[in-house]
$ cat work_39.cif   # mmCIF, C-alpha atoms
data_data
loop_
_atom_site.label_atom_id
_atom_site.label_comp_id
_atom_site.auth_asym_id
_atom_site.auth_seq_id
_atom_site.Cartn_x
_atom_site.Cartn_y
_atom_site.Cartn_z
CA MET A 1 -59.67 117.09 55.53
CA ARG A 2 -57.01 117.12 52.87
CA ILE A 3 -54.30 119.70 53.12
CA HIS A 4 -53.76 121.30 49.80
CA ILE A 5 -50.18 122.32 49.08
CA PRO A 6 -49.94 124.71 46.15
CA ILE A 7 -47.61 123.58 43.37
CA LYS A 8 -45.33 126.52 43.99
CA ASN A 9 -44.90 125.46 47.63
CA LYS A 10 -44.26 121.86 46.66
CA TYR A 11 -41.45 123.01 44.46
CA TYR A 12 -40.12 125.15 47.26
CA LEU A 13 -40.26 122.21 49.66
CA ARG A 14 -38.37 119.96 47.27
CA MET A 15 -35.73 122.61 46.81
CA LYS A 16 -35.42 123.03 50.54
CA ILE A 17 -34.85 119.31 50.97
CA LYS A 18 -32.18 119.44 48.28
CA VAL A 19 -30.43 122.33 50.05
CA TYR A 20 -30.49 120.45 53.35
CA PHE A 21 -29.09 117.40 51.66
CA VAL A 22 -26.21 119.38 50.14
CA LEU A 23 -25.51 120.98 53.51
CA LEU A 24 -25.50 117.58 55.16
CA VAL A 25 -22.98 116.23 52.62
CA LEU A 26 -20.83 119.31 53.09
CA CYS A 27 -20.89 118.79 56.84
CA ILE A 28 -19.92 115.14 56.60
CA CYS A 29 -17.12 115.57 54.05
CA PRO A 30 -14.68 117.51 56.26
CA VAL A 31 -15.21 114.94 59.00
CA VAL A 32 -14.22 112.21 56.57
CA SER A 33 -11.09 114.01 55.43
CA PHE A 34 -10.10 114.91 58.98
CA ALA A 35 -10.51 111.30 59.94
CA GLN A 36 -7.85 110.40 57.40
CA GLU A 37 -5.48 113.08 58.61
CA GLN A 38 -4.73 113.43 62.30
CA LYS A 39 -2.76 116.02 64.19
CA LEU A 40 0.43 114.72 65.78
CA SER A 41 0.69 114.84 69.56
CA GLU A 42 3.51 116.84 71.18
CA ASN A 43 5.35 113.63 71.86
CA GLU A 44 4.93 112.40 68.25
CA ILE A 45 6.19 115.76 66.96
CA ALA A 46 9.33 115.48 69.07
CA ILE A 47 10.01 111.94 67.84
CA PHE A 48 9.31 112.89 64.22
CA LYS A 49 11.54 115.99 64.29
CA HIS A 50 14.33 114.00 65.86
CA ALA A 51 14.08 111.31 63.15
CA VAL A 52 14.14 113.88 60.31
CA LYS A 53 17.09 115.74 61.84
CA GLU A 54 19.02 112.49 62.24
CA VAL A 55 18.40 111.58 58.59
CA SER A 56 19.22 115.03 57.23
CA LYS A 57 22.40 115.17 59.35
CA LYS A 58 23.61 112.13 57.47
CA ILE A 59 22.88 113.64 54.06
CA LYS A 60 26.11 114.62 52.38
CA THR A 61 24.68 114.41 48.89
CA LEU A 62 21.24 113.73 47.57
CA SER A 63 20.00 113.26 44.04
CA THR A 64 16.46 112.59 43.00
CA ASP A 65 14.15 112.60 40.01
CA PHE A 66 11.09 114.78 40.28
CA VAL A 67 7.76 115.37 38.58
CA GLN A 68 6.23 118.79 38.99
CA TYR A 69 2.49 119.42 38.70
CA LYS A 70 1.48 123.04 38.38
CA HIS A 71 -2.15 123.37 39.32
CA LEU A 72 -4.02 126.48 38.23
CA ASP A 73 -7.67 126.30 39.03
CA PHE A 74 -8.88 127.63 35.67
CA LEU A 75 -6.95 125.06 33.60
CA SER A 76 -8.40 121.69 32.59
CA LYS A 77 -5.20 119.82 33.41
CA ASP A 78 -2.15 120.34 35.60
CA ILE A 79 0.98 121.44 33.74
CA GLU A 80 3.53 118.65 34.12
CA SER A 81 7.29 118.95 33.97
CA SER A 82 10.05 116.67 35.15
CA GLY A 83 13.76 116.47 35.75
CA LYS A 84 16.47 115.88 38.29
CA MET A 85 17.61 117.59 41.46
CA VAL A 86 21.05 117.32 43.02
CA PHE A 87 21.94 118.65 46.46
CA VAL A 88 25.36 118.70 48.11
CA ALA A 89 25.40 119.74 51.77
CA PRO A 90 25.36 122.37 53.03
CA SER A 91 24.12 124.58 50.19
CA LEU A 92 24.97 123.50 46.63
CA LEU A 93 21.84 122.86 44.67
CA GLN A 94 21.04 122.09 41.05
CA TRP A 95 17.44 121.95 39.88
CA GLN A 96 17.22 120.67 36.33
CA TYR A 97 14.11 120.39 34.16
CA LYS A 98 14.44 117.97 31.26
CA LYS A 99 10.84 117.81 30.06
CA PRO A 100 9.13 119.51 28.34
CA TYR A 101 12.05 121.95 28.21
CA ASN A 102 15.71 122.02 29.18
CA TYR A 103 16.19 124.49 31.97
CA SER A 104 18.49 124.33 34.92
CA ILE A 105 19.05 126.58 37.87
CA ILE A 106 22.02 126.29 40.21
CA PHE A 107 22.25 127.86 43.65
CA LYS A 108 25.90 128.27 44.51
CA SER A 109 27.54 130.56 47.08
CA GLY A 110 25.41 133.66 46.63
CA LYS A 111 24.90 133.14 42.91
CA ILE A 112 22.13 131.77 40.79
CA LEU A 113 23.29 130.24 37.52
CA ILE A 114 20.68 129.64 34.86
CA ASN A 115 20.92 127.55 31.72
CA ASP A 116 17.88 128.01 29.52
CA GLU A 117 18.11 125.66 26.51
CA GLY A 118 21.85 126.45 26.31
CA LYS A 119 21.45 130.16 27.00
CA LYS A 120 23.48 130.82 30.12
CA SER A 121 23.15 133.61 32.63
CA ALA A 122 24.09 134.38 36.20
CA VAL A 123 22.47 136.48 38.87
CA ASP A 124 24.42 137.66 41.87
CA VAL A 125 22.16 137.37 44.86
CA GLY A 126 24.87 137.45 47.50
CA ASN A 127 23.16 140.25 49.37
CA SER A 128 19.58 139.35 48.62
CA LYS A 129 17.96 138.14 51.81
CA ILE A 130 14.93 136.80 50.01
CA PHE A 131 17.03 134.58 47.72
CA GLY A 132 19.02 133.39 50.70
CA LYS A 133 15.77 132.34 52.27
CA ILE A 134 14.48 130.69 49.11
CA ASN A 135 17.75 128.77 48.73
CA LYS A 136 17.56 127.60 52.33
CA LEU A 137 13.96 126.72 51.84
CA ILE A 138 14.54 124.55 48.76
CA ALA A 139 17.46 122.74 50.37
CA GLY A 140 15.38 122.37 53.53
CA SER A 141 12.37 121.11 51.60
CA VAL A 142 14.37 118.34 50.03
CA SER A 143 16.32 117.30 53.10
CA GLY A 144 13.30 117.87 55.32
CA ASP A 145 15.10 119.84 57.98
CA MET A 146 13.40 123.22 58.03
CA PHE A 147 11.79 123.18 61.46
CA ASP A 148 12.60 126.80 62.17
CA ASP A 149 9.86 128.17 64.39
CA LYS A 150 11.18 131.71 63.99
CA GLU A 151 10.62 131.55 60.21
CA PHE A 152 7.45 129.48 60.06
CA ALA A 153 4.29 128.62 61.89
CA ILE A 154 4.49 124.83 61.66
CA SER A 155 1.79 122.22 62.05
CA TYR A 156 2.13 118.43 61.96
CA TYR A 157 -0.29 115.76 60.71
CA LYS A 158 -0.26 112.09 59.89
CA ASN A 159 -2.25 109.66 57.79
CA LYS A 160 -1.84 105.94 57.23
CA THR A 161 1.39 106.13 55.28
CA ASN A 162 2.82 109.60 55.66
CA THR A 163 3.63 112.44 57.99
CA ILE A 164 2.64 115.84 56.66
CA THR A 165 4.07 119.14 57.84
CA ARG A 166 2.69 122.54 56.92
CA PHE A 167 4.87 125.64 57.06
CA ILE A 168 3.39 129.12 56.91
CA PRO A 169 6.08 131.79 56.43
CA LYS A 170 6.25 134.51 59.05
CA ASP A 171 8.36 136.83 56.89
CA ALA A 172 6.01 139.20 55.04
CA ASN A 173 8.31 139.27 51.99
CA LEU A 174 8.47 135.52 51.67
CA LYS A 175 4.74 135.27 52.26
CA LYS A 176 4.13 137.32 49.12
CA TYR A 177 5.59 134.48 47.06
CA ILE A 178 4.55 131.46 49.07
CA LYS A 179 1.49 131.22 51.23
CA GLN A 180 2.25 127.77 52.59
CA ILE A 181 4.70 124.94 52.09
CA GLU A 182 3.59 121.40 52.69
CA LEU A 183 6.13 118.59 53.02
CA THR A 184 5.05 114.97 52.92
CA PHE A 185 7.41 112.48 54.57
CA ASP A 186 7.60 108.75 54.15
CA LYS A 187 6.77 107.35 57.58
CA ASP A 188 9.37 104.61 57.33
CA ASP A 189 12.54 106.47 56.44
CA ALA A 190 11.64 110.08 57.38
CA THR A 191 12.60 111.50 53.97
CA VAL A 192 10.58 113.96 51.89
CA ILE A 193 8.51 112.43 49.10
CA GLN A 194 6.40 115.42 48.11
CA VAL A 195 6.69 119.21 48.27
CA LYS A 196 3.61 121.34 47.78
CA LEU A 197 3.89 125.11 47.44
CA LEU A 198 0.64 126.98 47.81
CA GLU A 199 0.26 130.38 46.22
CA SER A 200 -3.41 130.77 47.03
CA SER A 201 -6.19 128.46 48.05
CA GLU A 202 -6.73 127.46 44.41
CA ASP A 203 -3.27 127.50 42.87
CA PHE A 204 -0.31 125.38 43.89
CA THR A 205 2.80 123.58 42.68
CA ARG A 206 3.16 119.95 43.70
CA ILE A 207 6.55 118.28 43.30
CA VAL A 208 6.83 114.51 43.70
CA LEU A 209 10.34 113.21 44.43
CA LYS A 210 11.29 109.71 43.38
CA ASN A 211 14.31 107.46 42.84
CA LYS A 212 16.14 109.22 45.64
CA VAL A 213 19.84 108.38 46.08
CA LEU A 214 21.64 109.38 49.27
CA ASN A 215 25.36 110.07 49.62
CA ALA A 216 26.46 108.93 46.18
CA LYS A 217 29.58 110.62 44.85
CA ILE A 218 28.64 113.78 42.96
CA ASP A 219 30.95 115.42 40.49
CA ASN A 220 31.06 119.06 41.60
CA SER A 221 31.49 120.22 38.00
CA ILE A 222 27.72 119.87 37.53
CA PHE A 223 27.43 123.03 39.59
CA ASN A 224 29.30 125.01 36.93
CA ASN A 225 27.14 126.54 34.28
CA MET B 1 23.97 163.13 28.91
CA GLN B 2 26.24 165.55 27.05
CA LYS B 3 24.79 168.57 25.29
CA SER B 4 26.06 167.44 21.86
CA THR B 5 24.45 164.02 22.24
CA ILE B 6 21.13 165.59 23.16
CA LEU B 7 21.33 167.87 20.13
CA TYR B 8 22.28 164.92 17.95
CA SER B 9 19.34 162.85 19.19
CA ILE B 10 16.90 165.71 18.63
CA ILE B 11 18.16 166.32 15.09
CA SER B 12 18.18 162.63 14.18
CA GLY B 13 14.73 162.29 15.73
CA PHE B 14 13.42 165.07 13.49
CA LEU B 15 15.17 163.57 10.48
CA VAL B 16 13.50 160.22 11.09
CA LEU B 17 10.15 161.99 11.44
CA ILE B 18 10.60 163.95 8.21
CA VAL B 19 11.81 160.96 6.22
CA SER B 20 9.09 158.69 7.55
CA SER B 21 6.32 161.22 6.93
CA CYS B 22 7.49 161.76 3.37
CA SER B 23 7.50 158.11 2.52
CA SER B 24 4.10 156.77 3.41
CA LEU B 25 3.99 153.41 5.10
CA ASN B 26 3.67 150.53 2.73
CA VAL B 27 3.11 147.27 4.50
CA VAL B 28 1.58 145.76 1.37
CA LYS B 29 4.35 146.62 -1.06
CA GLY B 30 4.32 144.03 -3.86
CA TYR B 31 0.68 143.16 -3.25
CA ASN B 32 -2.22 144.16 -5.47
CA PRO B 33 -5.51 145.42 -4.12
CA VAL B 34 -8.31 143.02 -5.00
CA ALA B 35 -12.04 142.81 -4.33
CA LEU B 36 -12.99 141.48 -0.90
CA GLU B 37 -13.57 137.73 -0.91
CA THR B 38 -14.87 137.78 2.63
CA THR B 39 -15.62 140.40 5.27
CA ALA B 40 -14.57 138.47 8.38
CA PHE B 41 -11.59 136.43 9.45
CA GLU B 42 -11.42 134.08 12.43
CA VAL B 43 -8.07 133.32 14.06
CA PRO B 44 -8.06 129.75 15.43
CA TYR B 45 -4.88 129.87 17.53
CA PHE B 46 -6.35 130.74 20.97
CA SER B 47 -10.01 130.17 20.26
CA SER B 48 -10.87 126.86 21.91
CA PRO B 49 -12.33 127.05 25.41
CA GLU B 50 -11.31 123.41 25.99
CA THR B 51 -7.61 123.94 25.40
CA ASP B 52 -4.98 125.01 27.92
CA TYR B 53 -2.53 127.02 25.83
CA VAL B 54 0.89 126.67 27.48
CA TYR B 55 4.08 128.17 26.06
CA LYS B 56 7.67 128.58 27.11
CA ALA B 57 8.27 132.32 26.93
CA ASN B 58 11.57 134.06 26.25
CA ILE B 59 11.50 137.81 26.52
CA THR B 60 14.26 140.15 25.40
CA VAL B 61 13.75 143.67 26.67
CA TYR B 62 16.44 146.32 26.11
CA GLY B 63 19.14 143.65 26.09
CA ASN B 64 17.87 141.85 29.19
CA GLU B 65 16.58 138.32 28.91
CA LEU B 66 13.71 136.89 30.89
CA SER B 67 12.04 133.55 30.63
CA GLY B 68 9.04 131.78 32.03
CA ILE B 69 5.82 130.00 31.20
CA PHE B 70 2.98 131.74 29.38
CA ILE B 71 -0.47 130.25 29.94
CA ALA B 72 -3.70 131.33 28.24
CA LYS B 73 -7.21 129.95 28.41
CA LYS B 74 -10.46 131.17 26.94
CA ILE B 75 -12.74 131.37 29.98
CA ASN B 76 -15.87 132.70 28.26
CA LYS B 77 -17.05 134.03 24.89
CA THR B 78 -15.11 137.27 25.13
CA THR B 79 -12.42 136.78 27.73
CA HIS B 80 -9.09 135.01 28.12
CA ARG B 81 -7.27 134.36 31.37
CA VAL B 82 -3.52 134.95 30.94
CA VAL B 83 -0.94 133.85 33.49
CA PHE B 84 2.83 134.18 33.39
CA THR B 85 4.88 132.06 35.79
CA THR B 86 8.54 131.26 36.38
CA GLU B 87 9.81 127.81 35.34
CA PHE B 88 9.45 126.84 39.00
CA GLY B 89 5.77 127.66 38.85
CA ASN B 90 5.57 130.91 40.82
CA LYS B 91 2.91 133.13 39.38
CA LEU B 92 4.27 136.50 38.23
CA LEU B 93 1.14 137.94 36.71
CA ASP B 94 -2.47 136.92 36.24
CA PHE B 95 -4.76 138.92 33.92
CA GLU B 96 -8.26 138.60 32.54
CA ILE B 97 -8.44 140.24 29.18
CA SER B 98 -11.04 140.86 26.47
CA GLU B 99 -11.23 143.40 23.64
CA THR B 100 -12.95 145.87 25.93
CA ASP B 101 -12.16 144.80 29.49
CA PHE B 102 -9.01 144.23 31.44
CA LYS B 103 -8.63 142.97 34.98
CA ILE B 104 -5.49 142.30 37.00
CA ASN B 105 -6.02 139.33 39.31
CA SER B 106 -2.46 139.51 40.63
CA ILE B 107 0.97 140.83 39.72
CA VAL B 108 4.27 140.69 41.63
CA GLU B 109 5.59 144.00 42.88
CA GLU B 110 8.62 143.92 40.57
CA LEU B 111 6.42 143.89 37.45
CA ASP B 112 3.74 146.25 38.71
CA ARG B 113 4.63 149.14 36.37
CA LYS B 114 2.00 150.95 34.36
CA ILE B 115 4.07 151.10 31.17
CA LEU B 116 4.82 147.37 31.30
CA ILE B 117 1.21 146.43 32.03
CA ASN B 118 -0.06 148.61 29.16
CA THR B 119 2.46 147.09 26.74
CA LEU B 120 1.47 143.56 27.72
CA LYS B 121 -2.19 144.47 27.53
CA THR B 122 -1.75 145.60 23.89
CA ASP B 123 0.32 142.53 23.03
CA PHE B 124 -2.02 140.02 24.62
CA ARG B 125 -5.09 141.63 23.03
CA LEU B 126 -3.45 141.31 19.61
CA LEU B 127 -2.31 137.78 20.31
CA LEU B 128 -5.66 136.54 21.59
CA LYS B 129 -8.04 138.43 19.30
CA ASN B 130 -10.30 135.87 17.64
CA SER B 131 -12.14 137.70 14.91
CA TYR B 132 -11.46 140.56 12.55
CA VAL B 133 -13.65 142.61 10.23
CA ILE B 134 -11.88 143.03 6.91
CA LYS B 135 -11.85 146.43 5.21
CA GLN B 136 -9.56 145.76 2.27
CA GLN B 137 -7.82 142.87 0.64
CA TYR B 138 -4.50 142.57 -1.17
CA ASP B 139 -2.99 139.64 -3.00
CA ASN B 140 0.22 138.26 -4.39
CA GLN B 141 1.21 134.77 -5.51
CA GLU B 142 1.77 133.30 -2.05
CA SER B 143 -0.40 135.30 0.32
CA ARG B 144 -3.54 137.24 0.90
CA VAL B 145 -3.43 140.30 3.09
CA TYR B 146 -6.51 141.46 4.99
CA LEU B 147 -6.51 145.03 6.20
CA THR B 148 -8.50 145.56 9.38
CA GLU B 149 -8.99 148.78 11.29
CA ASP B 150 -9.01 149.37 15.00
CA GLY B 151 -9.45 153.10 15.55
CA LYS B 152 -6.28 154.83 14.37
CA ILE B 153 -4.45 151.53 14.25
CA ASN B 154 -4.42 149.12 11.33
CA ASN B 155 -3.83 145.42 11.52
CA TYR B 156 -2.63 143.64 8.40
CA LEU B 157 -3.23 139.91 8.48
CA PHE B 158 -1.00 137.85 6.19
CA ILE B 159 -2.59 134.55 5.21
CA SER B 160 -0.70 131.90 3.24
CA LYS B 161 -2.71 130.86 0.22
CA ALA B 162 -1.44 127.28 0.15
CA GLU B 163 -2.64 126.38 3.65
CA ASN B 164 -5.01 129.23 4.44
CA LYS B 165 -3.02 129.90 7.61
CA LEU B 166 -2.38 133.15 9.42
CA ASP B 167 1.39 133.70 9.28
CA LYS B 168 1.82 137.27 10.37
CA ILE B 169 0.03 140.28 11.82
CA VAL B 170 1.45 143.73 11.23
CA ASN B 171 0.11 146.25 13.73
CA ALA B 172 0.74 149.74 12.41
CA SER B 173 -0.26 153.35 12.75
CA LYS B 174 -0.75 155.38 9.56
CA ARG B 175 3.00 155.99 9.39
CA LYS B 176 4.79 153.33 11.31
CA GLU B 177 4.84 149.62 12.00
CA ARG B 178 4.50 149.18 15.75
CA ILE B 179 4.34 145.46 16.37
CA ASN B 180 4.71 142.35 14.24
CA LEU B 181 3.41 138.96 15.28
CA PHE B 182 4.79 135.90 13.51
CA PHE B 183 2.97 132.59 13.81
CA THR B 184 4.17 129.09 13.00
CA SER B 185 1.43 126.49 12.95
CA GLU B 186 1.50 122.93 11.70
CA ASN B 187 -2.17 122.08 12.08
CA ASN B 188 -3.85 125.50 11.83
CA ILE B 189 -5.45 124.76 15.23
CA PHE B 190 -2.80 126.20 17.50
CA ALA B 191 0.54 127.89 16.90
CA THR B 192 3.73 126.01 17.79
CA LYS B 193 5.78 129.18 17.76
CA ILE B 194 4.88 132.84 18.07
CA VAL B 195 7.17 135.84 17.95
CA ILE B 196 5.96 139.26 19.07
CA GLN B 197 8.42 141.86 17.80
CA HIS B 198 8.09 145.50 18.81
CA TYR B 199 9.57 148.30 16.72
CA ASN B 200 8.93 151.37 18.85
CA ILE B 201 10.53 149.81 21.93
CA LYS B 202 13.23 147.17 22.18
CA LEU B 203 11.03 144.26 23.09
CA ARG B 204 10.75 140.79 21.64
CA ILE B 205 8.63 137.98 23.04
CA GLU B 206 9.08 134.45 21.77
CA LEU B 207 6.57 131.75 22.68
CA ASN B 208 7.16 128.05 22.04
CA TYR B 209 4.32 125.59 22.54
CA LEU B 210 4.80 123.07 25.34
CA GLN B 211 3.47 119.54 25.43
CA THR B 212 2.53 119.59 29.10
CA GLN B 213 1.32 116.05 29.66
CA LEU B 214 4.33 113.81 30.21
CA ASN B 215 4.60 110.07 29.30
#
$ encode --input "work_39.cif" --output "structure tokens"
Amino acid sequence: MRIHIPIKNKYYLRMKIKVYFVLLVLCICPVVSFAQEQKLSENEIAIFKHAVKEVSKKIKTLSTDFVQYKHLDFLSKDIESSGKMVFVAPSLLQWQYKKPYNYSIIFKSGKILINDEGKKSAVDVGNSKIFGKINKLIAGSVSGDMFDDKEFAISYYKNKTNTITRFIPKDANLKKYIKQIELTFDKDDATVIQVKLLESSEDFTRIVLKNKVLNAKIDNSIFNN
Amino acid sequence: MQKSTILYSIISGFLVLIVSSCSSLNVVKGYNPVALETTAFEVPYFSSPETDYVYKANITVYGNELSGIFIAKKINKTTHRVVFTTEFGNKLLDFEISETDFKINSIVEELDRKILINTLKTDFRLLLKNSYVIKQQYDNQESRVYLTEDGKINNYLFISKAENKLDKIVNASKRKERINLFFTSENNIFATKIVIQHYNIKLRIELNYLQTQLN
């Protein structure tokens, strides 16, 4: 006896198979990505934190080029900008965009100095807690030393070449601006090579640091606007 | 405020009203009314769904200066997504806007003011509007002017004859110019510079096109 499957059911069956296939792929994919990225053990975390702290302790000055990729999910391409960042311990910081516009922002003893294509302005943030935190966060992101468990819920991962740390702010105010910060460290020298700031699950800013120079002499006049 | 200053402002306010109502608004002074050559005009500057429109924005509002990145993208036939971020990339506001609908995806607390949102809504609608129905046409040697109506508000589109490019939009009530938009475009595909100048409030928005792929 032949079993007769109506055309409608055949179609349904084919669709069902397709759905199962998609589900199967979806199930496998996370396994693949997790295989590339492993959680650090308690012991590895301790060793890693020690290495980063040792390196950042030695940082008196740091200058680096950067490329920033702003990812917004609805855009076809990331928005790229680039420039230079200079940090002098403990808290002088200049963040300078050179392309596609000239814009620099200096964090200096409770003040933010801005130079927008030659237009200069200053904001006094001496008493602003949130700016204090942002300043600390940027300096920390670049030097790598921001393992403050009071401020962040921190998790540690590794892949073949890098160690990745994820920081989720505990402060509700800070959380409004940044959902998560992800720092990628070079495994060899324990310095930060990428900073990723997540605003939501779809939108983030990724900053790649390159040509890093440690402890070169920096002329402090660059911190004047 | 002192009593005399209040009195002075009231009187001068009335004076302005009287003077302005006597002299009717004449956006098209020096232009001659002509027969309509066409009944519709399409603005190309934000019309492509493939393009990410990214601009450096400088805003002057009552003497204060703000800057950031203005991003617009046509996400379907009627709607644009508009995002404003700081130079660092933090999102300050995120709207979806069409001629009839308006949705706030997100806005930071500091900017979450009704008056500000309404102003931006008007500005962005004007900036992103793709097509106009023309009611009247005026001409002079250099430009054509298309008069379009939007309820009680008129929009005058100034088109250069030489390049057939939209240079300016004057948004006006029957008596008063409210907003002017100035466009600079080299290719008539997108605008390299846009200035949105308000006349009823002290607000000026300048947008400069950014080449956002490095190399």
$ closest_atom_pairs --input "work_39.cif" --of "chain A" --to "chain B" --cutoff "12 Å" --atoms "only C-alpha atoms" --output "JSON lines"
{"residue": "A:Val67", "atom": "CA", "partner": "B:Leu214", "partner_atom": "CA", "distance": 9.2}
{"residue": "A:Gln68", "atom": "CA", "partner": "B:Phe88", "partner_atom": "CA", "distance": 8.7}
{"residue": "A:Tyr69", "atom": "CA", "partner": "B:Gly89", "partner_atom": "CA", "distance": 8.9}
{"residue": "A:Lys70", "atom": "CA", "partner": "B:Gly89", "partner_atom": "CA", "distance": 6.3}
{"residue": "A:His71", "atom": "CA", "partner": "B:Gly89", "partner_atom": "CA", "distance": 9.0}
{"residue": "A:Leu72", "atom": "CA", "partner": "B:Val83", "partner_atom": "CA", "distance": 9.3}
{"residue": "A:Asp73", "atom": "CA", "partner": "B:Arg81", "partner_atom": "CA", "distance": 11.1}
{"residue": "A:Phe74", "atom": "CA", "partner": "B:Lys73", "partner_atom": "CA", "distance": 7.8}
{"residue": "A:Leu75", "atom": "CA", "partner": "B:Asp52", "partner_atom": "CA", "distance": 6.0}
{"residue": "A:Ser76", "atom": "CA", "partner": "B:Asp52", "partner_atom": "CA", "distance": 6.7}
{"residue": "A:Lys77", "atom": "CA", "partner": "B:Asp52", "partner_atom": "CA", "distance": 7.6}
{"residue": "A:Asp78", "atom": "CA", "partner": "B:Thr212", "partner_atom": "CA", "distance": 8.0}
{"residue": "A:Ile79", "atom": "CA", "partner": "B:Thr212", "partner_atom": "CA", "distance": 5.2}
{"residue": "A:Glu80", "atom": "CA", "partner": "B:Thr212", "partner_atom": "CA", "distance": 5.2}
{"residue": "A:Ser81", "atom": "CA", "partner": "B:Thr212", "partner_atom": "CA", "distance": 6.8}
{"residue": "A:Ser82", "atom": "CA", "partner": "B:Leu214", "partner_atom": "CA", "distance": 8.1}
{"residue": "A:Gly83", "atom": "CA", "partner": "B:Leu214", "partner_atom": "CA", "distance": 11.3}
{"residue": "A:Trp95", "atom": "CA", "partner": "B:Phe88", "partner_atom": "CA", "distance": 9.4}
{"residue": "A:Gln96", "atom": "CA", "partner": "B:Phe88", "partner_atom": "CA", "distance": 10.3}
{"residue": "A:Tyr97", "atom": "CA", "partner": "B:Glu87", "partner_atom": "CA", "distance": 8.7}
{"residue": "A:Lys98", "atom": "CA", "partner": "B:Leu214", "partner_atom": "CA", "distance": 11.0}
{"residue": "A:Lys99", "atom": "CA", "partner": "B:Leu214", "partner_atom": "CA", "distance": 7.6}
{"residue": "A:Pro100", "atom": "CA", "partner": "B:Leu210", "partner_atom": "CA", "distance": 6.4}
{"residue": "A:Tyr101", "atom": "CA", "partner": "B:Leu210", "partner_atom": "CA", "distance": 7.9}
{"residue": "A:Asn102", "atom": "CA", "partner": "B:Glu87", "partner_atom": "CA", "distance": 10.3}
{"residue": "A:Tyr103", "atom": "CA", "partner": "B:Glu87", "partner_atom": "CA", "distance": 7.9}
{"residue": "A:Ser104", "atom": "CA", "partner": "B:Glu87", "partner_atom": "CA", "distance": 9.4}
{"residue": "A:Ile105", "atom": "CA", "partner": "B:Glu87", "partner_atom": "CA", "distance": 9.7}
{"residue": "A:Ile114", "atom": "CA", "partner": "B:Ser67", "partner_atom": "CA", "distance": 10.4}
{"residue": "A:Asn115", "atom": "CA", "partner": "B:Ser67", "partner_atom": "CA", "distance": 10.8}
{"residue": "A:Asp116", "atom": "CA", "partner": "B:Ser67", "partner_atom": "CA", "distance": 8.1}
{"residue": "A:Glu117", "atom": "CA", "partner": "B:Asn58", "partner_atom": "CA", "distance": 10.6}
{"residue": "A:Lys119", "atom": "CA", "partner": "B:Glu65", "partner_atom": "CA", "distance": 9.7}
{"residue": "A:Lys120", "atom": "CA", "partner": "B:Glu65", "partner_atom": "CA", "distance": 10.3}
{"residue": "A:Ser121", "atom": "CA", "partner": "B:Glu65", "partner_atom": "CA", "distance": 8.9}
{"residue": "A:Ala122", "atom": "CA", "partner": "B:Glu65", "partner_atom": "CA", "distance": 11.2}
{"residue": "A:Val123", "atom": "CA", "partner": "B:Glu65", "partner_atom": "CA", "distance": 11.7}
{"residue": "A:Ile134", "atom": "CA", "partner": "B:Phe88", "partner_atom": "CA", "distance": 11.9}
{"residue": "A:Ile138", "atom": "CA", "partner": "B:Phe88", "partner_atom": "CA", "distance": 11.2}
{"residue": "A:Asn173", "atom": "CA", "partner": "B:Glu109", "partner_atom": "CA", "distance": 10.6}
{"residue": "A:Lys175", "atom": "CA", "partner": "B:Val108", "partner_atom": "CA", "distance": 11.9}
{"residue": "A:Lys176", "atom": "CA", "partner": "B:Val108", "partner_atom": "CA", "distance": 8.2}
{"residue": "A:Tyr177", "atom": "CA", "partner": "B:Asn90", "partner_atom": "CA", "distance": 7.2}
{"residue": "A:Ile178", "atom": "CA", "partner": "B:Asn90", "partner_atom": "CA", "distance": 8.3}
{"residue": "A:Lys179", "atom": "CA", "partner": "B:Asn90", "partner_atom": "CA", "distance": 11.2}
{"residue": "A:Lys196", "atom": "CA", "partner": "B:Gly89", "partner_atom": "CA", "distance": 11.2}
{"residue": "A:Leu197", "atom": "CA", "partner": "B:Asn90", "partner_atom": "CA", "distance": 9.0}
{"residue": "A:Leu198", "atom": "CA", "partner": "B:Asn90", "partner_atom": "CA", "distance": 9.4}
{"residue": "A:Glu199", "atom": "CA", "partner": "B:Asn90", "partner_atom": "CA", "distance": 7.6}
{"residue": "A:Ser200", "atom": "CA", "partner": "B:Lys91", "partner_atom": "CA", "distance": 10.2}
{"residue": "A:Asp203", "atom": "CA", "partner": "B:Lys91", "partner_atom": "CA", "distance": 9.1}
{"residue": "A:Phe204", "atom": "CA", "partner": "B:Gly89", "partner_atom": "CA", "distance": 8.2}
{"residue": "A:Thr205", "atom": "CA", "partner": "B:Gly89", "partner_atom": "CA", "distance": 6.3}
{"residue": "A:Arg206", "atom": "CA", "partner": "B:Gly89", "partner_atom": "CA", "distance": 9.5}
{"residue": "A:Ile207", "atom": "CA", "partner": "B:Phe88", "partner_atom": "CA", "distance": 10.0}
$ residues_around --input "work_39.cif" --residues "Phe95 in chain B" --least-positions-apart "5" --cutoff "9 Å" --atoms "all atoms listed in the file" --output "list in words"
His80, Arg81, Val82, Val83, Phe84, Phe102, Lys103, Ile104, Asn105, Ser106, Ile107 and Lys121 of chain B
$ resolve_selection --input "work_39.cif" --expression "the PyMOL selection byres ((chain A and resi 39-45) around 9)" --output "ChimeraX atom specification"
/A:37-38,46-50,155-158,163
$ write_last_selection --input "work_39.cif" --atoms "C-alpha atoms" --output "short mmCIF file (atom, residue, chain, number, x, y, z; two decimals), in the coordinates of the input"
data_model
loop_
_atom_site.label_atom_id
_atom_site.label_comp_id
_atom_site.auth_asym_id
_atom_site.auth_seq_id
_atom_site.Cartn_x
_atom_site.Cartn_y
_atom_site.Cartn_z
CA GLU A 37 -5.48 113.08 58.61
CA GLN A 38 -4.73 113.43 62.30
CA ALA A 46 9.33 115.48 69.07
CA ILE A 47 10.01 111.94 67.84
CA PHE A 48 9.31 112.89 64.22
CA LYS A 49 11.54 115.99 64.29
CA HIS A 50 14.33 114.00 65.86
CA SER A 155 1.79 122.22 62.05
CA TYR A 156 2.13 118.43 61.96
CA TYR A 157 -0.29 115.76 60.71
CA LYS A 158 -0.26 112.09 59.89
CA THR A 163 3.63 112.44 57.99
#
